[in-house]
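Here is the file structure.cif (mmCIF, C-alpha atoms and all ligand atoms).
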data_work
loop_
_atom_site.group_PDB
_atom_site.id
_atom_site.type_symbol
_atom_site.label_atom_id
_atom_site.label_comp_id
_atom_site.auth_asym_id
_atom_site.auth_seq_id
_atom_site.Cartn_x
_atom_site.Cartn_y
_atom_site.Cartn_z
ATOM 1 C CA MET A 1 58.899 -21.750 286.440
ATOM 2 C CA ASP A 2 59.490 -20.192 289.847
ATOM 3 C CA SER A 3 62.351 -18.624 291.788
ATOM 4 C CA GLU A 4 62.954 -21.946 293.601
ATOM 5 C CA THR A 5 64.074 -23.658 290.389
ATOM 6 C CA PRO A 6 67.728 -24.736 290.787
ATOM 7 C CA PRO A 7 69.916 -22.725 288.373
ATOM 8 C CA ASP A 8 71.098 -25.840 286.536
ATOM 9 C CA GLU A 9 67.486 -26.724 285.686
ATOM 10 C CA VAL A 10 66.440 -23.291 284.462
ATOM 11 C CA LEU A 11 67.160 -23.795 280.752
ATOM 12 C CA ASP A 12 65.269 -27.111 280.671
ATOM 13 C CA GLU A 13 62.334 -25.609 282.521
ATOM 14 C CA LEU A 14 62.286 -22.518 280.312
ATOM 15 C CA PHE A 15 62.392 -24.672 277.177
ATOM 16 C CA ALA A 16 59.562 -26.876 278.476
ATOM 17 C CA THR A 17 57.537 -23.708 279.165
ATOM 18 C CA ILE A 18 58.227 -22.446 275.629
ATOM 19 C CA GLN A 19 57.052 -25.773 274.185
ATOM 20 C CA ASP A 20 53.942 -25.632 276.356
ATOM 21 C CA ARG A 21 53.152 -22.082 275.143
ATOM 22 C CA ARG A 22 53.608 -23.290 271.563
ATOM 23 C CA GLU A 23 51.010 -26.017 272.115
ATOM 24 C CA THR A 24 48.490 -24.158 274.263
ATOM 25 C CA LEU A 25 48.879 -20.608 272.863
ATOM 26 C CA PRO A 26 47.573 -18.652 275.899
ATOM 27 C CA ALA A 27 46.247 -15.236 274.905
ATOM 28 C CA ASP A 28 48.387 -13.372 277.456
ATOM 29 C CA SER A 29 51.685 -15.072 276.584
ATOM 30 C CA TYR A 30 54.496 -13.156 274.823
ATOM 31 C CA THR A 31 55.978 -16.514 273.784
ATOM 32 C CA ALA A 32 52.695 -17.624 272.223
ATOM 33 C CA SER A 33 52.506 -14.289 270.353
ATOM 34 C CA LEU A 34 55.828 -15.124 268.664
ATOM 35 C CA PHE A 35 54.405 -18.438 267.424
ATOM 36 C CA THR A 36 51.293 -16.756 265.990
ATOM 37 C CA HIS A 37 52.848 -13.484 264.769
ATOM 38 C CA GLU A 38 51.694 -12.178 261.398
ATOM 39 C CA LYS A 39 55.369 -11.859 260.382
ATOM 40 C CA GLY A 40 55.819 -15.584 261.016
ATOM 41 C CA LYS A 41 59.370 -16.674 261.756
ATOM 42 C CA ASN A 42 60.660 -13.183 260.920
ATOM 43 C CA ALA A 43 59.238 -11.860 264.202
ATOM 44 C CA VAL A 44 61.618 -13.966 266.294
ATOM 45 C CA LEU A 45 64.486 -13.489 263.816
ATOM 46 C CA GLU A 46 64.125 -9.705 264.162
ATOM 47 C CA LYS A 47 64.106 -9.982 267.966
ATOM 48 C CA LEU A 48 67.240 -12.139 267.812
ATOM 49 C CA GLY A 49 68.931 -9.459 265.724
ATOM 50 C CA GLU A 50 67.900 -6.716 268.166
ATOM 51 C CA GLU A 51 68.961 -8.657 271.238
ATOM 52 C CA THR A 52 72.287 -9.578 269.628
ATOM 53 C CA THR A 53 73.006 -5.905 268.922
ATOM 54 C CA GLU A 54 71.980 -4.913 272.461
ATOM 55 C CA THR A 55 74.216 -7.645 273.891
ATOM 56 C CA ILE A 56 77.187 -6.428 271.848
ATOM 57 C CA LEU A 57 76.584 -2.783 272.825
ATOM 58 C CA SER A 58 76.362 -3.606 276.534
ATOM 59 C CA ALA A 59 79.680 -5.471 276.306
ATOM 60 C CA LYS A 60 81.303 -2.573 274.424
ATOM 61 C CA ASP A 61 80.048 -0.198 277.127
ATOM 62 C CA GLY A 62 81.449 -2.456 279.840
ATOM 63 C CA ASP A 63 77.981 -2.637 281.423
ATOM 64 C CA ARG A 64 78.163 -6.092 283.021
ATOM 65 C CA GLU A 65 74.660 -5.945 284.500
ATOM 66 C CA GLU A 66 73.108 -4.994 281.155
ATOM 67 C CA LEU A 67 75.243 -7.667 279.461
ATOM 68 C CA LEU A 68 73.602 -10.314 281.636
ATOM 69 C CA ALA A 69 70.077 -8.978 281.003
ATOM 70 C CA GLU A 70 70.590 -8.760 277.223
ATOM 71 C CA SER A 71 72.232 -12.201 277.152
ATOM 72 C CA ALA A 72 69.150 -13.636 278.876
ATOM 73 C CA ASP A 73 66.875 -11.965 276.264
ATOM 74 C CA LEU A 74 69.105 -13.381 273.516
ATOM 75 C CA VAL A 75 69.109 -16.942 274.895
ATOM 76 C CA TYR A 76 65.335 -16.858 275.451
ATOM 77 C CA HIS A 77 64.682 -15.815 271.833
ATOM 78 C CA LEU A 78 67.179 -18.403 270.564
ATOM 79 C CA LEU A 79 65.285 -21.110 272.465
ATOM 80 C CA VAL A 80 62.006 -19.885 270.934
ATOM 81 C CA LEU A 81 63.611 -20.148 267.471
ATOM 82 C CA LEU A 82 64.847 -23.686 268.184
ATOM 83 C CA ALA A 83 61.342 -24.719 269.308
ATOM 84 C CA MET A 84 59.869 -23.084 266.190
ATOM 85 C CA GLU A 85 62.243 -25.101 264.023
ATOM 86 C CA GLU A 86 61.429 -28.328 265.880
ATOM 87 C CA ARG A 87 64.807 -28.539 267.554
ATOM 88 C CA ASP A 88 65.308 -28.923 271.268
ATOM 89 C CA LEU A 89 67.861 -28.438 273.999
ATOM 90 C CA ASP A 90 69.164 -31.993 273.643
ATOM 91 C CA ASP A 91 69.917 -31.317 269.963
ATOM 92 C CA LEU A 92 71.914 -28.275 271.063
ATOM 93 C CA ARG A 93 73.718 -30.229 273.793
ATOM 94 C CA VAL A 94 74.682 -32.984 271.336
ATOM 95 C CA GLU A 95 75.913 -30.412 268.799
ATOM 96 C CA LEU A 96 78.126 -28.795 271.440
ATOM 97 C CA ARG A 97 79.298 -32.114 272.891
ATOM 98 C CA ASP A 98 80.347 -33.350 269.457
ATOM 99 C CA ARG A 99 82.798 -30.464 269.309
ATOM 100 C CA PHE A 100 84.678 -31.677 272.411
HETATM 101 N N1 LIG B 1 62.467 -15.463 279.517
HETATM 102 C C1 LIG B 1 61.539 -14.829 278.992
HETATM 103 C C2 LIG B 1 61.780 -13.611 278.278
HETATM 104 N N2 LIG B 1 62.916 -12.923 278.029
HETATM 105 C C3 LIG B 1 62.528 -11.855 277.304
HETATM 106 N N3 LIG B 1 61.196 -11.854 277.110
HETATM 107 C C4 LIG B 1 60.382 -10.843 276.424
HETATM 108 O O1 LIG B 1 61.057 -10.454 275.268
HETATM 109 C C5 LIG B 1 60.744 -9.119 274.964
HETATM 110 C C6 LIG B 1 62.044 -8.395 274.754
HETATM 111 O O2 LIG B 1 61.806 -7.381 273.946
HETATM 112 P P1 LIG B 1 62.468 -5.953 274.231
HETATM 113 O O3 LIG B 1 63.658 -6.071 275.101
HETATM 114 O O4 LIG B 1 62.685 -5.334 272.902
HETATM 115 O O5 LIG B 1 61.329 -5.255 275.043
HETATM 116 P P2 LIG B 1 59.953 -4.738 274.489
HETATM 117 O O6 LIG B 1 60.196 -3.407 273.882
HETATM 118 O O7 LIG B 1 59.001 -4.828 275.632
HETATM 119 O O8 LIG B 1 59.525 -5.795 273.363
HETATM 120 P P3 LIG B 1 58.723 -5.511 272.025
HETATM 121 O O9 LIG B 1 57.702 -4.464 272.300
HETATM 122 O O10 LIG B 1 59.762 -5.112 270.998
HETATM 123 O O11 LIG B 1 58.107 -6.866 271.690
HETATM 124 C C7 LIG B 1 59.959 -8.533 276.153
HETATM 125 O O12 LIG B 1 58.579 -8.479 275.841
HETATM 126 C C8 LIG B 1 60.224 -9.563 277.237
HETATM 127 O O13 LIG B 1 59.139 -9.705 278.128
HETATM 128 C C9 LIG B 1 60.696 -12.944 277.679
HETATM 129 N N4 LIG B 1 59.411 -13.403 277.756
HETATM 130 C C10 LIG B 1 59.189 -14.548 278.446
HETATM 131 N N5 LIG B 1 60.213 -15.256 279.061
HETATM 132 C C11 LIG B 1 59.901 -16.487 279.812
HETATM 133 O O14 LIG B 1 59.088 -17.316 279.007
HETATM 134 C C12 LIG B 1 58.196 -18.060 279.819
HETATM 135 C C13 LIG B 1 56.782 -17.909 279.291
HETATM 136 O O15 LIG B 1 56.403 -16.551 279.386
HETATM 137 P P4 LIG B 1 55.049 -16.026 278.681
HETATM 138 O O16 LIG B 1 55.203 -16.236 277.233
HETATM 139 O O17 LIG B 1 54.972 -14.575 279.056
HETATM 140 O O18 LIG B 1 53.943 -16.847 279.238
HETATM 141 C C14 LIG B 1 58.315 -17.520 281.258
HETATM 142 O O19 LIG B 1 59.086 -18.453 281.964
HETATM 143 C C15 LIG B 1 59.062 -16.207 281.078
HETATM 144 O O20 LIG B 1 59.871 -15.945 282.158
#
Let me see the structure of the file written as structure tokens.
Amino acid sequence: MDSETPPDEVLDELFATIQDRRETLPADSYTASLFTHEKGKNAVLEKLGEETTETILSAKDGDREELLAESADLVYHLLVLLAMEERDLDDLRVELRDRF
């Protein structure tokens, strides 16, 4: 992914990158390290908990810049969890659409 990616394509590109890391497991990839972590799924579940707390605290503090940064961390880790559980962005889109 690069800085030229149109904003409305970022989530798809990020998810494709996560799926690629899952398949190729590069040694220097943080994403790959979550898929091979000795704690298994708990590693990403713990990160989701941390990022959720940090997101809540930034909102309580009224820190809108930090809120955006923590929200991005949260969404990234949620996408890793979905990939780990063999779900994808289309599954999420359909789930949300079916609530319309
Ligand atoms: N979007 C992200 C992203 N958001 C957050 N993170 C990582 O999530 C971690 C967040 O943990 P913390 O905030 O607690 O920071 P930390 O203390 O450094 O983390 P820990 O020591 O607790 O692991 C950091 O290591 C961040 O680098 C991400 N890591 C990767 N991506 C994207 O994933 C794609 C693949 O990246 P690689 O896996 O690095 O190849 C690329 O497009 C990246 O931009």
* Residues selected by the PyMOL selection byres (((not hetatm)) within 10 of (chain B and resi 1)), written as an MDAnalysis selection string -> chainID A and resid 1:2 10:11 13:22 25:34 43:44 46:48 50:51 54 69:77 79:80
What does the file look like for those residues with C-alpha atoms, as a PDB file, keeping the file's coordinate frame?
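Ended up saving to part_24.pdb:
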ATOM      1  CA  MET A   1      58.899 -21.750 286.440  1.00  0.00           C
ATOM      2  CA  ASP A   2      59.490 -20.192 289.847  1.00  0.00           C
ATOM      3  CA  VAL A  10      66.440 -23.291 284.462  1.00  0.00           C
ATOM      4  CA  LEU A  11      67.160 -23.795 280.752  1.00  0.00           C
ATOM      5  CA  GLU A  13      62.334 -25.609 282.521  1.00  0.00           C
ATOM      6  CA  LEU A  14      62.286 -22.518 280.312  1.00  0.00           C
ATOM      7  CA  PHE A  15      62.392 -24.672 277.177  1.00  0.00           C
ATOM      8  CA  ALA A  16      59.562 -26.876 278.476  1.00  0.00           C
ATOM      9  CA  THR A  17      57.537 -23.708 279.165  1.00  0.00           C
ATOM     10  CA  ILE A  18      58.227 -22.446 275.629  1.00  0.00           C
ATOM     11  CA  GLN A  19      57.052 -25.773 274.185  1.00  0.00           C
ATOM     12  CA  ASP A  20      53.942 -25.632 276.356  1.00  0.00           C
ATOM     13  CA  ARG A  21      53.152 -22.082 275.143  1.00  0.00           C
ATOM     14  CA  ARG A  22      53.608 -23.290 271.563  1.00  0.00           C
ATOM     15  CA  LEU A  25      48.879 -20.608 272.863  1.00  0.00           C
ATOM     16  CA  PRO A  26      47.573 -18.652 275.899  1.00  0.00           C
ATOM     17  CA  ALA A  27      46.247 -15.236 274.905  1.00  0.00           C
ATOM     18  CA  ASP A  28      48.387 -13.372 277.456  1.00  0.00           C
ATOM     19  CA  SER A  29      51.685 -15.072 276.584  1.00  0.00           C
ATOM     20  CA  TYR A  30      54.496 -13.156 274.823  1.00  0.00           C
ATOM     21  CA  THR A  31      55.978 -16.514 273.784  1.00  0.00           C
ATOM     22  CA  ALA A  32      52.695 -17.624 272.223  1.00  0.00           C
ATOM     23  CA  SER A  33      52.506 -14.289 270.353  1.00  0.00           C
ATOM     24  CA  LEU A  34      55.828 -15.124 268.664  1.00  0.00           C
ATOM     25  CA  ALA A  43      59.238 -11.860 264.202  1.00  0.00           C
ATOM     26  CA  VAL A  44      61.618 -13.966 266.294  1.00  0.00           C
ATOM     27  CA  GLU A  46      64.125  -9.705 264.162  1.00  0.00           C
ATOM     28  CA  LYS A  47      64.106  -9.982 267.966  1.00  0.00           C
ATOM     29  CA  LEU A  48      67.240 -12.139 267.812  1.00  0.00           C
ATOM     30  CA  GLU A  50      67.900  -6.716 268.166  1.00  0.00           C
ATOM     31  CA  GLU A  51      68.961  -8.657 271.238  1.00  0.00           C
ATOM     32  CA  GLU A  54      71.980  -4.913 272.461  1.00  0.00           C
ATOM     33  CA  ALA A  69      70.077  -8.978 281.003  1.00  0.00           C
ATOM     34  CA  GLU A  70      70.590  -8.760 277.223  1.00  0.00           C
ATOM     35  CA  SER A  71      72.232 -12.201 277.152  1.00  0.00           C
ATOM     36  CA  ALA A  72      69.150 -13.636 278.876  1.00  0.00           C
ATOM     37  CA  ASP A  73      66.875 -11.965 276.264  1.00  0.00           C
ATOM     38  CA  LEU A  74      69.105 -13.381 273.516  1.00  0.00           C
ATOM     39  CA  VAL A  75      69.109 -16.942 274.895  1.00  0.00           C
ATOM     40  CA  TYR A  76      65.335 -16.858 275.451  1.00  0.00           C
ATOM     41  CA  HIS A  77      64.682 -15.815 271.833  1.00  0.00           C
ATOM     42  CA  LEU A  79      65.285 -21.110 272.465  1.00  0.00           C
ATOM     43  CA  VAL A  80      62.006 -19.885 270.934  1.00  0.00           C
TER      44      VAL A  80
END
* To do: Check the smallest atom-to-atom distance from each of A:Pro6, A:Gly49, A:Gly62, A:Gly40 to Met84 (chain A) using only C-alpha atoms, then report the winner.
  =>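 Using only C-alpha atoms, the shortest distance to Met84 (chain A) belongs to A:Gly40.
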* Compute the distance from (68.1, -26.8, 274.2) to each atom, counting only C-alpha atoms, keep the residues with any atom at most 8 Å away, and return them as an MDAnalysis selection string; use the coordinates of the file. => chainID A and resid 11:12 15 79 82 87:93
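For the pair CA of Lys41 (chain A) and CA of Thr53 (chain A), the interatomic distance is 18.8 Å.
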* d(CA of Thr52 (chain A), CA of Thr36 (chain A)) in Å ->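 Computed distance, CA of Thr52 (chain A) to CA of Thr36 (chain A), equals 22.5 Å.
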* Asked: So how far away is CA of Leu81 (chain A) from CA of Lys60 (chain A), in Å?
  ->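 We find that CA of Lys60 (chain A) and CA of Leu81 (chain A) lie 25.9 Å from each other.
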